[in-house]
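Below is run23.txt, which holds compact mmCIF, C-alpha atoms.
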```
# COMPACT_ATOMS: atom_id res chain seq x y z
CA MET A 1 -20.60 1.22 11.95
CA SER A 2 -19.58 -0.72 15.04
CA VAL A 3 -17.30 -3.71 14.99
CA SER A 4 -19.22 -6.96 14.88
CA ALA A 5 -19.03 -9.15 17.94
CA GLY A 6 -17.89 -11.99 15.70
CA ALA A 7 -15.03 -10.07 14.11
CA TYR A 8 -11.55 -10.74 15.49
CA ARG A 9 -8.69 -8.31 15.18
CA PRO A 10 -5.39 -8.59 17.09
CA GLY A 11 -4.99 -6.03 19.85
CA TYR A 12 -1.77 -4.60 18.45
CA GLU A 13 -3.53 -3.92 15.14
CA LEU A 14 -6.24 -1.93 16.89
CA VAL A 15 -3.65 -0.05 18.93
CA ALA A 16 -1.70 0.78 15.76
CA GLU A 17 -4.83 2.41 14.34
CA GLN A 18 -5.43 4.26 17.60
CA ILE A 19 -1.88 5.64 17.52
CA LEU A 20 -2.41 6.92 13.97
CA GLN A 21 -5.65 8.56 15.08
CA LEU A 22 -3.91 10.11 18.08
CA ILE A 23 -1.17 11.55 15.85
CA ALA A 24 -3.89 13.21 13.75
CA GLU A 25 -5.81 14.49 16.80
CA LEU A 26 -2.66 15.98 18.34
CA GLY A 27 -1.82 17.69 15.05
CA LEU A 28 1.64 16.11 14.96
CA HIS A 29 3.69 16.52 11.80
CA PRO A 30 6.60 14.56 10.32
CA GLY A 31 9.61 14.95 12.60
CA ASP A 32 7.51 15.81 15.70
CA ARG A 33 8.15 13.92 18.90
CA MET A 34 5.38 11.58 20.01
CA PRO A 35 4.27 10.52 23.51
CA THR A 36 6.40 7.78 25.06
CA GLU A 37 5.30 4.14 25.03
CA ASN A 38 4.18 4.49 28.65
CA GLU A 39 2.21 7.64 27.85
CA LEU A 40 0.62 5.99 24.82
CA ALA A 41 -0.35 2.97 26.91
CA THR A 42 -2.00 5.26 29.48
CA GLN A 43 -3.80 7.43 26.94
CA LEU A 44 -5.05 4.45 24.92
CA GLY A 45 -5.89 2.27 27.91
CA SER A 46 -3.58 -0.45 26.66
CA SER A 47 -0.54 -2.33 27.91
CA ARG A 48 2.99 -1.19 27.14
CA THR A 49 3.64 -4.55 25.47
CA MET A 50 0.71 -4.04 23.12
CA VAL A 51 1.87 -0.50 22.34
CA ARG A 52 5.39 -1.76 21.64
CA GLU A 53 4.06 -4.30 19.12
CA ALA A 54 1.92 -1.61 17.47
CA VAL A 55 4.94 0.71 17.23
CA LYS A 56 6.90 -2.07 15.51
CA ILE A 57 4.20 -2.29 12.84
CA LEU A 58 4.06 1.47 12.37
CA SER A 59 7.86 1.64 12.17
CA ALA A 60 7.93 -1.14 9.57
CA ILE A 61 5.49 0.71 7.31
CA GLY A 62 7.20 4.07 7.69
CA ARG A 63 4.73 5.95 9.89
CA VAL A 64 6.80 6.14 13.11
CA ARG A 65 10.51 6.37 13.83
CA ALA A 66 11.93 4.98 17.07
CA HIS A 67 15.24 6.62 18.05
CA LYS A 68 17.08 4.76 20.79
CA GLY A 69 17.40 6.91 23.86
CA ARG A 70 15.40 9.73 22.29
CA GLY A 71 11.89 8.36 21.95
CA LEU A 72 9.28 8.07 19.23
CA TYR A 73 8.82 10.48 16.33
CA VAL A 74 6.37 10.86 13.48
CA ALA A 75 8.24 9.64 10.39
CA ASP A 76 10.16 12.34 8.58
CA ASP A 77 8.78 13.90 5.42
CA ASP A 78 10.76 12.35 2.63
CA GLY A 79 10.41 11.43 -0.99
CA MET A 80 10.33 13.42 -4.21
CA LEU A 81 6.71 14.45 -3.74
CA GLY A 82 6.68 14.82 0.04
CA SER A 83 5.30 11.37 0.79
CA GLY A 84 5.29 12.03 4.53
CA ARG A 85 2.56 14.59 4.03
CA TRP A 86 0.42 11.97 2.31
CA GLY A 87 0.99 9.51 5.15
CA GLY A 88 0.06 12.18 7.66
CA PHE A 89 -3.60 12.00 6.75
CA PHE A 90 -3.90 8.48 5.32
CA HIS A 91 -5.64 5.91 7.54
CA PRO A 92 -4.93 2.39 6.25
CA THR A 93 -8.23 0.81 7.29
CA ASP A 94 -10.49 3.77 6.46
CA LEU A 95 -12.36 2.58 3.37
CA ASP A 96 -12.91 6.15 2.16
CA HIS A 97 -9.16 6.70 2.24
CA VAL A 98 -8.53 3.40 0.46
CA TYR A 99 -11.03 4.41 -2.24
CA MET A 100 -9.34 7.78 -2.71
CA LEU A 101 -5.93 6.14 -2.89
CA PHE A 102 -7.12 3.77 -5.62
CA GLU A 103 -8.71 6.64 -7.53
CA PHE A 104 -5.33 8.32 -7.43
CA ARG A 105 -3.55 5.14 -8.50
CA ARG A 106 -6.00 4.72 -11.38
CA VAL A 107 -5.11 8.17 -12.72
CA GLN A 108 -1.38 7.58 -12.27
CA GLU A 109 -1.08 4.08 -13.58
CA THR A 110 -3.39 4.29 -16.58
CA ALA A 111 -1.30 7.27 -17.70
CA ALA A 112 1.92 5.36 -17.02
CA SER A 113 0.67 2.36 -19.02
CA ARG A 114 -0.25 4.58 -21.96
CA LEU A 115 3.21 6.10 -22.00
CA ALA A 116 4.92 2.75 -21.48
CA ALA A 117 3.11 1.36 -24.54
CA THR A 118 4.87 3.96 -26.69
CA HIS A 119 8.17 4.46 -24.82
CA ALA A 120 9.17 1.07 -23.35
CA THR A 121 12.56 -0.23 -24.41
CA PRO A 122 13.22 -3.95 -24.99
CA ALA A 123 15.07 -4.11 -21.65
CA GLU A 124 12.15 -2.45 -19.83
CA LEU A 125 9.70 -4.87 -21.45
CA ARG A 126 11.80 -7.80 -20.25
CA ALA A 127 11.85 -6.36 -16.72
CA ILE A 128 8.04 -5.98 -16.70
CA GLU A 129 7.58 -9.51 -18.02
CA ALA A 130 10.02 -10.93 -15.43
CA ALA A 131 8.22 -9.10 -12.61
CA GLY A 132 4.89 -10.53 -13.75
CA GLU A 133 6.39 -14.01 -13.71
CA THR A 134 7.80 -13.47 -10.20
CA CYS A 135 4.33 -12.46 -9.04
CA ARG A 136 2.88 -15.59 -10.66
CA GLN A 137 5.43 -17.85 -8.96
CA GLY A 138 4.75 -16.21 -5.61
CA TYR A 139 1.06 -16.96 -6.05
CA LEU A 140 1.60 -20.57 -7.19
CA THR A 141 3.98 -21.32 -4.29
CA GLU A 142 1.93 -19.30 -1.76
CA GLN A 143 4.96 -17.15 -0.90
CA VAL A 144 3.49 -13.77 0.00
CA ALA A 145 6.87 -11.98 0.02
CA VAL A 146 7.64 -13.21 -3.50
CA PHE A 147 4.20 -12.24 -4.75
CA ASP A 148 4.53 -8.76 -3.23
CA ARG A 149 8.01 -8.25 -4.66
CA GLY A 150 6.82 -9.21 -8.12
CA ASP A 151 3.77 -6.98 -7.78
CA ASP A 152 5.87 -3.98 -6.75
CA ASP A 153 8.41 -4.58 -9.50
CA PHE A 154 5.65 -4.96 -12.10
CA HIS A 155 3.91 -1.68 -11.35
CA LEU A 156 7.13 0.25 -10.82
CA GLY A 157 8.53 -1.31 -13.98
CA ILE A 158 5.64 0.11 -15.98
CA ALA A 159 6.12 3.53 -14.36
CA THR A 160 9.82 3.38 -15.24
CA ALA A 161 8.94 2.48 -18.83
CA SER A 162 6.77 5.62 -19.01
CA HIS A 163 10.03 7.60 -18.87
CA ASN A 164 8.36 10.12 -16.55
CA HIS A 165 10.20 10.62 -13.25
CA PHE A 166 7.17 12.18 -11.56
CA LEU A 167 5.03 9.16 -12.37
CA VAL A 168 7.72 6.83 -11.01
CA ALA A 169 7.86 8.77 -7.72
CA SER A 170 4.10 9.01 -7.29
CA VAL A 171 3.48 5.34 -8.16
CA ARG A 172 6.12 4.31 -5.62
CA GLU A 173 4.62 6.43 -2.85
CA ALA A 174 1.01 5.42 -3.56
CA ARG A 175 2.04 1.76 -3.39
CA ARG A 176 3.81 2.44 -0.09
CA LEU A 177 0.53 3.70 1.34
CA GLN A 178 -1.37 0.76 -0.12
CA ARG A 179 1.09 -1.57 1.60
CA GLN A 180 0.07 -0.01 4.90
CA SER A 181 -3.53 -1.09 4.28
CA SER A 182 -2.26 -4.56 3.49
CA VAL A 183 -0.09 -4.83 6.61
CA ILE A 184 -2.56 -3.35 9.11
CA GLY A 185 -5.87 -4.31 7.52
CA LEU A 186 -5.04 -7.58 5.76
CA HIS A 187 -1.99 -8.86 7.66
CA GLY A 188 -0.01 -8.88 4.42
CA THR A 189 -1.98 -11.73 2.90
CA VAL A 190 -2.15 -12.13 -0.87
CA GLY A 191 -5.93 -11.71 -0.89
CA GLY A 192 -8.70 -13.38 -2.87
CA HIS A 193 -7.92 -11.47 -6.06
CA ALA A 194 -4.46 -12.99 -6.55
CA THR A 195 -5.54 -15.48 -9.25
CA GLU A 196 -7.12 -12.76 -11.38
CA ALA A 197 -4.30 -10.29 -10.63
CA VAL A 198 -1.74 -12.59 -12.23
CA GLU A 199 -3.79 -12.83 -15.42
CA GLU A 200 -4.53 -9.10 -15.38
CA HIS A 201 -0.81 -8.41 -15.18
CA ALA A 202 -0.36 -10.55 -18.27
CA ALA A 203 -3.01 -8.56 -20.14
CA ILE A 204 -1.37 -5.26 -19.21
CA TYR A 205 2.05 -6.51 -20.30
CA GLN A 206 0.66 -7.84 -23.60
CA ALA A 207 -0.92 -4.46 -24.43
CA ILE A 208 2.27 -2.58 -23.60
CA ARG A 209 4.38 -5.02 -25.62
CA ASP A 210 1.97 -4.62 -28.56
CA GLY A 211 2.36 -0.85 -28.37
CA ASP A 212 -1.38 -0.29 -27.82
CA PRO A 213 -1.85 2.66 -25.39
CA ASP A 214 -5.67 2.37 -25.21
CA ALA A 215 -5.59 -1.35 -24.47
CA ALA A 216 -2.83 -0.87 -21.90
CA ALA A 217 -4.78 1.86 -20.09
CA HIS A 218 -7.99 -0.21 -20.16
CA ALA A 219 -6.27 -3.35 -18.84
CA THR A 220 -4.67 -1.31 -16.05
CA ALA A 221 -8.00 0.28 -15.08
CA VAL A 222 -9.67 -3.15 -14.92
CA HIS A 223 -6.84 -4.48 -12.75
CA LEU A 224 -6.97 -1.59 -10.28
CA ASP A 225 -10.78 -1.64 -10.07
CA ASN A 226 -10.74 -5.36 -9.31
CA THR A 227 -7.94 -4.95 -6.76
CA LEU A 228 -9.89 -2.20 -5.00
CA GLU A 229 -12.96 -4.42 -4.83
CA ASP A 230 -10.86 -7.15 -3.21
CA TYR A 231 -9.46 -4.68 -0.67
CA ARG A 232 -12.99 -3.50 0.10
CA ARG A 233 -14.21 -7.05 0.76
CA GLN A 234 -11.17 -8.06 2.79
CA ILE A 235 -11.08 -4.96 5.00
CA GLN A 236 -14.82 -4.98 5.61
CA ARG A 237 -14.68 -8.65 6.58
CA ARG A 238 -11.79 -8.09 8.99
CA VAL A 239 -13.03 -4.86 10.51
CA PHE A 240 -16.77 -5.46 10.56
CA GLY A 241 -16.99 -9.24 10.53
```

As structure tokens, the full file:
Amino acid sequence: MSVSAGAYRPGYELVAEQILQLIAELGLHPGDRMPTENELATQLGSSRTMVREAVKILSAIGRVRAHKGRGLYVADDDGMLGSGRWGGFFHPTDLDHVYMLFEFRRVQETAASRLAATHATPAELRAIEAAGETCRQGYLTEQVAVFDRGDDDFHLGIATASHNHFLVASVREARRLQRQSSVIGLHGTVGGHATEAVEEHAAIYQAIRDGDPDAAAHATAVHLDNTLEDYRRQIQRRVFG
């Protein structure tokens, strides 16, 4: 599909996507040196200023590393499960990739919720509840950073309560990739699903607190399916108008 004439996207956002595509086309791997800002500007037909802004975004979301005096590098492969390898093929505004990421999250987090419903300690339950409340306050006060912090803490809190280190690591890395879609595709906005998300968090917490694995898994699946639908609408509106 071509971008609609009525759709507006900042130039640096488009350049950030082009840089990710170029990394893939050149077959660059984590730790590999990238073209310089001047070379990127020439290859992409953009200005150096626009490239510099795009690099700032990619650095902030962990896709590029800028070493002073040495140049630009594809972000190192780090994390318990080799998260850099995941980021190497993930394109934040490619809807197919977003769908696959949410399919993966659905498998991870429904399993984590099931385990949390049977393993969560009182302290872990309090942490999950507090994170849900932080998310709610961020929504009510329209503070995106607070909402995002509560959202991260909520989902990671459930993974922690599963008492499975592999689930904790994979949930953290999948959310890191999702954040890239939010930053590049949605400009970090809360999104239209925020109202429902707060209530869905409450339903997940209630099921875990009640020790009901089936209800916890179902509530988590509903939440992730609804969040994916919101991402789909938001990205399509921004990219295609």

May I have a table of the residues of stretch 59-161 of chain A lying at most 8 Å from stretch 217-230 of chain A, giving each one's closest pair of atoms and their distance in Å to one decimal, counting only C-alpha atoms, ordered by chain and ascending residue number, as a Markdown table?
```
| residue | atom | partner | partner_atom | distance |
| --- | --- | --- | --- | --- |
| A:Val98 | CA | A:Leu228 | CA | 7.9 |
| A:Tyr99 | CA | A:Leu228 | CA | 7.3 |
| A:Phe102 | CA | A:Leu228 | CA | 6.6 |
| A:Arg105 | CA | A:Leu224 | CA | 7.8 |
| A:Arg106 | CA | A:Ala221 | CA | 6.1 |
| A:Glu109 | CA | A:Thr220 | CA | 6.9 |
| A:Thr110 | CA | A:Ala217 | CA | 4.5 |
| A:Ala111 | CA | A:Ala217 | CA | 6.9 |
| A:Ser113 | CA | A:Ala217 | CA | 5.6 |
| A:Arg114 | CA | A:Ala217 | CA | 5.6 |
```

Subject >> Straight-line distance linking atom CA of A:Val51 with atom CA of A:Arg233, stated in Å to one decimal >> reply: 27.7 Å

Original post:
What separation in Å, quoted to one decimal, exists between atom CA of A:Gly45 and atom CA of A:Glu17?
Top reply: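 Interatomic distance, atom CA of A:Gly45 to atom CA of A:Glu17: 13.6 Å.
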
Subject >> Atomic distance atom CA of A:Ala41 - atom CA of A:Tyr73, expressed in Å with one decimal >> reply: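 Result for atom CA of A:Ala41 versus atom CA of A:Tyr73: 15.9 Å, one decimal.
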
Subject >> Closest of A:Ala130, A:Ala194, A:Ala169, A:Ala117 to A:Gln206 - atom-to-atom distances counting all atoms listed in the file >> reply: A:Ala117

Subject >> Nearest candidate to A:Ala24 (options A:Arg176, A:Arg136, A:Arg63, A:Arg232; using all atoms listed in the file) >> reply: A:Arg63

As a short mmCIF file (atom, residue, chain, number, x, y, z; two decimals) with C-alpha atoms, in the coordinates of the input, please: the residues near A:Ala120 (cut-off 7 Å, all atoms listed in the file, same-chain neighbours under 5 positions excluded).
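The file below, around.cif, is the result:
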```cif
data_model
loop_
_atom_site.label_atom_id
_atom_site.label_comp_id
_atom_site.auth_asym_id
_atom_site.auth_seq_id
_atom_site.Cartn_x
_atom_site.Cartn_y
_atom_site.Cartn_z
CA LEU A 125 9.70 -4.87 -21.45
CA ALA A 161 8.94 2.48 -18.83
CA SER A 162 6.77 5.62 -19.01
#
```

Original post:
Hey, what's within 10 Å of A:Ala202 if we count all atoms listed in the file and toss same-chain stuff fewer than 4 positions away? As a ChimeraX atom specification, please?
Top reply: /A:128-129,132-133,136,196-198,206-208,219

Subject >> Selected residue of minimal separation from A:Asp212 among A:His29, A:His91, A:His119, A:Arg126, counting all atoms listed in the file >> reply: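 Among A:His29, A:His91, A:His119, A:Arg126, it is A:His119 that comes nearest to A:Asp212.
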
Original post:
Near A:Asp153, within 9 Å and counting only C-alpha atoms, which residues show up once chain neighbours fewer than 2 positions away are dropped, as a list of chain:residue names?
Top reply: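 Close residues of A:Asp153: A:Ala127, A:Ile128, A:Ala130, A:Ala131, A:Gly132, A:Thr134, A:Cys135, A:Asp148, A:Arg149, A:Gly150, A:Asp151, A:His155, A:Leu156, A:Gly157, A:Ile158.
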
Return the padded bounding box of stretch 148-155 of chain A as AutoDock Vina command-line options: axis-aligned, built from all atoms listed in the file, 6 Å added on each side, with centre and edge lengths in Å to one decimal.
```
--center_x 6.1 --center_y -5.4 --center_z -7.7 --size_x 16.6 --size_y 19.5 --size_z 20.9
```

Subject >> Distance query A:Arg33 at most 12 Å, only C-alpha atoms, self and fewer than 5 positions along chain excluded, as a list in words >> reply: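 What passes the distance filter is Ile23, Leu26, Gly27, Leu28, Val64, Arg65, Ala66, His67, Arg70, Gly71, Leu72, Tyr73, Val74, Ala75 and Asp76 of chain A.
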
Subject >> Given all atoms listed in the file as the counted atoms, nearest of A:Lys68, A:Met100, A:Val15, A:Leu22 to A:Thr49 >> reply: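 Closest candidate: A:Val15.
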
Any chance you could model all heavy atoms for stretch 51-62 of chain A and send them as a PDB file, keeping the file's coordinate frame?
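part_28.pdb written:
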```pdb
ATOM      1  N   VAL A  51       1.422  -1.723  23.021  1.00  0.00           N
ATOM      2  CA  VAL A  51       1.870  -0.500  22.340  1.00  0.00           C
ATOM      3  C   VAL A  51       3.181  -0.751  21.614  1.00  0.00           C
ATOM      4  O   VAL A  51       3.376  -0.309  20.476  1.00  0.00           O
ATOM      5  CB  VAL A  51       2.027   0.660  23.352  1.00  0.00           C
ATOM      6  CG1 VAL A  51       2.773   1.834  22.715  1.00  0.00           C
ATOM      7  CG2 VAL A  51       0.662   1.117  23.846  1.00  0.00           C
ATOM      8  N   ARG A  52       4.091  -1.472  22.265  1.00  0.00           N
ATOM      9  CA  ARG A  52       5.390  -1.760  21.640  1.00  0.00           C
ATOM     10  C   ARG A  52       5.213  -2.543  20.349  1.00  0.00           C
ATOM     11  O   ARG A  52       5.884  -2.259  19.337  1.00  0.00           O
ATOM     12  CB  ARG A  52       6.277  -2.527  22.614  1.00  0.00           C
ATOM     13  CG  ARG A  52       7.713  -2.719  22.105  1.00  0.00           C
ATOM     14  CD  ARG A  52       8.584  -3.421  23.135  1.00  0.00           C
ATOM     15  NE  ARG A  52       8.709  -2.633  24.347  1.00  0.00           N
ATOM     16  CZ  ARG A  52       8.266  -3.007  25.524  1.00  0.00           C
ATOM     17  NH1 ARG A  52       7.646  -4.171  25.661  1.00  0.00           N
ATOM     18  NH2 ARG A  52       8.431  -2.244  26.585  1.00  0.00           N
ATOM     19  N   GLU A  53       4.303  -3.519  20.337  1.00  0.00           N
ATOM     20  CA  GLU A  53       4.060  -4.300  19.120  1.00  0.00           C
ATOM     21  C   GLU A  53       3.434  -3.416  18.030  1.00  0.00           C
ATOM     22  O   GLU A  53       3.761  -3.536  16.846  1.00  0.00           O
ATOM     23  CB  GLU A  53       3.130  -5.475  19.426  1.00  0.00           C
ATOM     24  CG  GLU A  53       3.767  -6.551  20.280  1.00  0.00           C
ATOM     25  CD  GLU A  53       5.032  -7.102  19.655  1.00  0.00           C
ATOM     26  OE1 GLU A  53       4.988  -7.480  18.459  1.00  0.00           O
ATOM     27  OE2 GLU A  53       6.067  -7.140  20.346  1.00  0.00           O
ATOM     28  N   ALA A  54       2.539  -2.518  18.441  1.00  0.00           N
ATOM     29  CA  ALA A  54       1.920  -1.610  17.470  1.00  0.00           C
ATOM     30  C   ALA A  54       2.959  -0.678  16.868  1.00  0.00           C
ATOM     31  O   ALA A  54       2.947  -0.401  15.664  1.00  0.00           O
ATOM     32  CB  ALA A  54       0.811  -0.808  18.145  1.00  0.00           C
ATOM     33  N   VAL A  55       3.884  -0.193  17.707  1.00  0.00           N
ATOM     34  CA  VAL A  55       4.940   0.710  17.230  1.00  0.00           C
ATOM     35  C   VAL A  55       5.842  -0.021  16.225  1.00  0.00           C
ATOM     36  O   VAL A  55       6.295   0.570  15.234  1.00  0.00           O
ATOM     37  CB  VAL A  55       5.765   1.253  18.412  1.00  0.00           C
ATOM     38  CG1 VAL A  55       7.056   1.919  17.919  1.00  0.00           C
ATOM     39  CG2 VAL A  55       4.933   2.246  19.213  1.00  0.00           C
ATOM     40  N   LYS A  56       6.095  -1.294  16.455  1.00  0.00           N
ATOM     41  CA  LYS A  56       6.900  -2.070  15.510  1.00  0.00           C
ATOM     42  C   LYS A  56       6.250  -2.091  14.133  1.00  0.00           C
ATOM     43  O   LYS A  56       6.919  -1.959  13.100  1.00  0.00           O
ATOM     44  CB  LYS A  56       7.086  -3.501  16.019  1.00  0.00           C
ATOM     45  CG  LYS A  56       8.039  -3.632  17.193  1.00  0.00           C
ATOM     46  CD  LYS A  56       8.160  -5.086  17.633  1.00  0.00           C
ATOM     47  CE  LYS A  56       9.069  -5.231  18.838  1.00  0.00           C
ATOM     48  NZ  LYS A  56       9.147  -6.650  19.298  1.00  0.00           N
ATOM     49  N   ILE A  57       4.925  -2.283  14.110  1.00  0.00           N
ATOM     50  CA  ILE A  57       4.200  -2.290  12.840  1.00  0.00           C
ATOM     51  C   ILE A  57       4.303  -0.921  12.168  1.00  0.00           C
ATOM     52  O   ILE A  57       4.625  -0.809  10.984  1.00  0.00           O
ATOM     53  CB  ILE A  57       2.713  -2.633  13.054  1.00  0.00           C
ATOM     54  CG1 ILE A  57       2.555  -4.078  13.507  1.00  0.00           C
ATOM     55  CG2 ILE A  57       1.913  -2.402  11.767  1.00  0.00           C
ATOM     56  CD1 ILE A  57       1.116  -4.456  13.794  1.00  0.00           C
ATOM     57  N   LEU A  58       4.047   0.125  12.930  1.00  0.00           N
ATOM     58  CA  LEU A  58       4.060   1.470  12.370  1.00  0.00           C
ATOM     59  C   LEU A  58       5.463   1.877  11.914  1.00  0.00           C
ATOM     60  O   LEU A  58       5.612   2.632  10.950  1.00  0.00           O
ATOM     61  CB  LEU A  58       3.514   2.471  13.392  1.00  0.00           C
ATOM     62  CG  LEU A  58       2.043   2.268  13.775  1.00  0.00           C
ATOM     63  CD1 LEU A  58       1.642   3.229  14.885  1.00  0.00           C
ATOM     64  CD2 LEU A  58       1.130   2.445  12.561  1.00  0.00           C
ATOM     65  N   SER A  59       6.481   1.375  12.603  1.00  0.00           N
ATOM     66  CA  SER A  59       7.860   1.640  12.170  1.00  0.00           C
ATOM     67  C   SER A  59       8.157   0.913  10.865  1.00  0.00           C
ATOM     68  O   SER A  59       8.791   1.465   9.957  1.00  0.00           O
ATOM     69  CB  SER A  59       8.853   1.185  13.252  1.00  0.00           C
ATOM     70  OG  SER A  59       8.704   1.936  14.433  1.00  0.00           O
ATOM     71  N   ALA A  60       7.658  -0.326  10.764  1.00  0.00           N
ATOM     72  CA  ALA A  60       7.930  -1.140   9.570  1.00  0.00           C
ATOM     73  C   ALA A  60       7.299  -0.535   8.319  1.00  0.00           C
ATOM     74  O   ALA A  60       7.829  -0.696   7.212  1.00  0.00           O
ATOM     75  CB  ALA A  60       7.422  -2.562   9.780  1.00  0.00           C
ATOM     76  N   ILE A  61       6.168   0.145   8.480  1.00  0.00           N
ATOM     77  CA  ILE A  61       5.490   0.710   7.310  1.00  0.00           C
ATOM     78  C   ILE A  61       5.767   2.201   7.142  1.00  0.00           C
ATOM     79  O   ILE A  61       5.144   2.871   6.337  1.00  0.00           O
ATOM     80  CB  ILE A  61       3.971   0.453   7.354  1.00  0.00           C
ATOM     81  CG1 ILE A  61       3.335   1.130   8.560  1.00  0.00           C
ATOM     82  CG2 ILE A  61       3.671  -1.029   7.335  1.00  0.00           C
ATOM     83  CD1 ILE A  61       1.823   0.955   8.644  1.00  0.00           C
ATOM     84  N   GLY A  62       6.738   2.711   7.928  1.00  0.00           N
ATOM     85  CA  GLY A  62       7.200   4.070   7.690  1.00  0.00           C
ATOM     86  C   GLY A  62       6.362   5.179   8.261  1.00  0.00           C
ATOM     87  O   GLY A  62       6.435   6.317   7.788  1.00  0.00           O
TER      88      GLY A  62
END
```
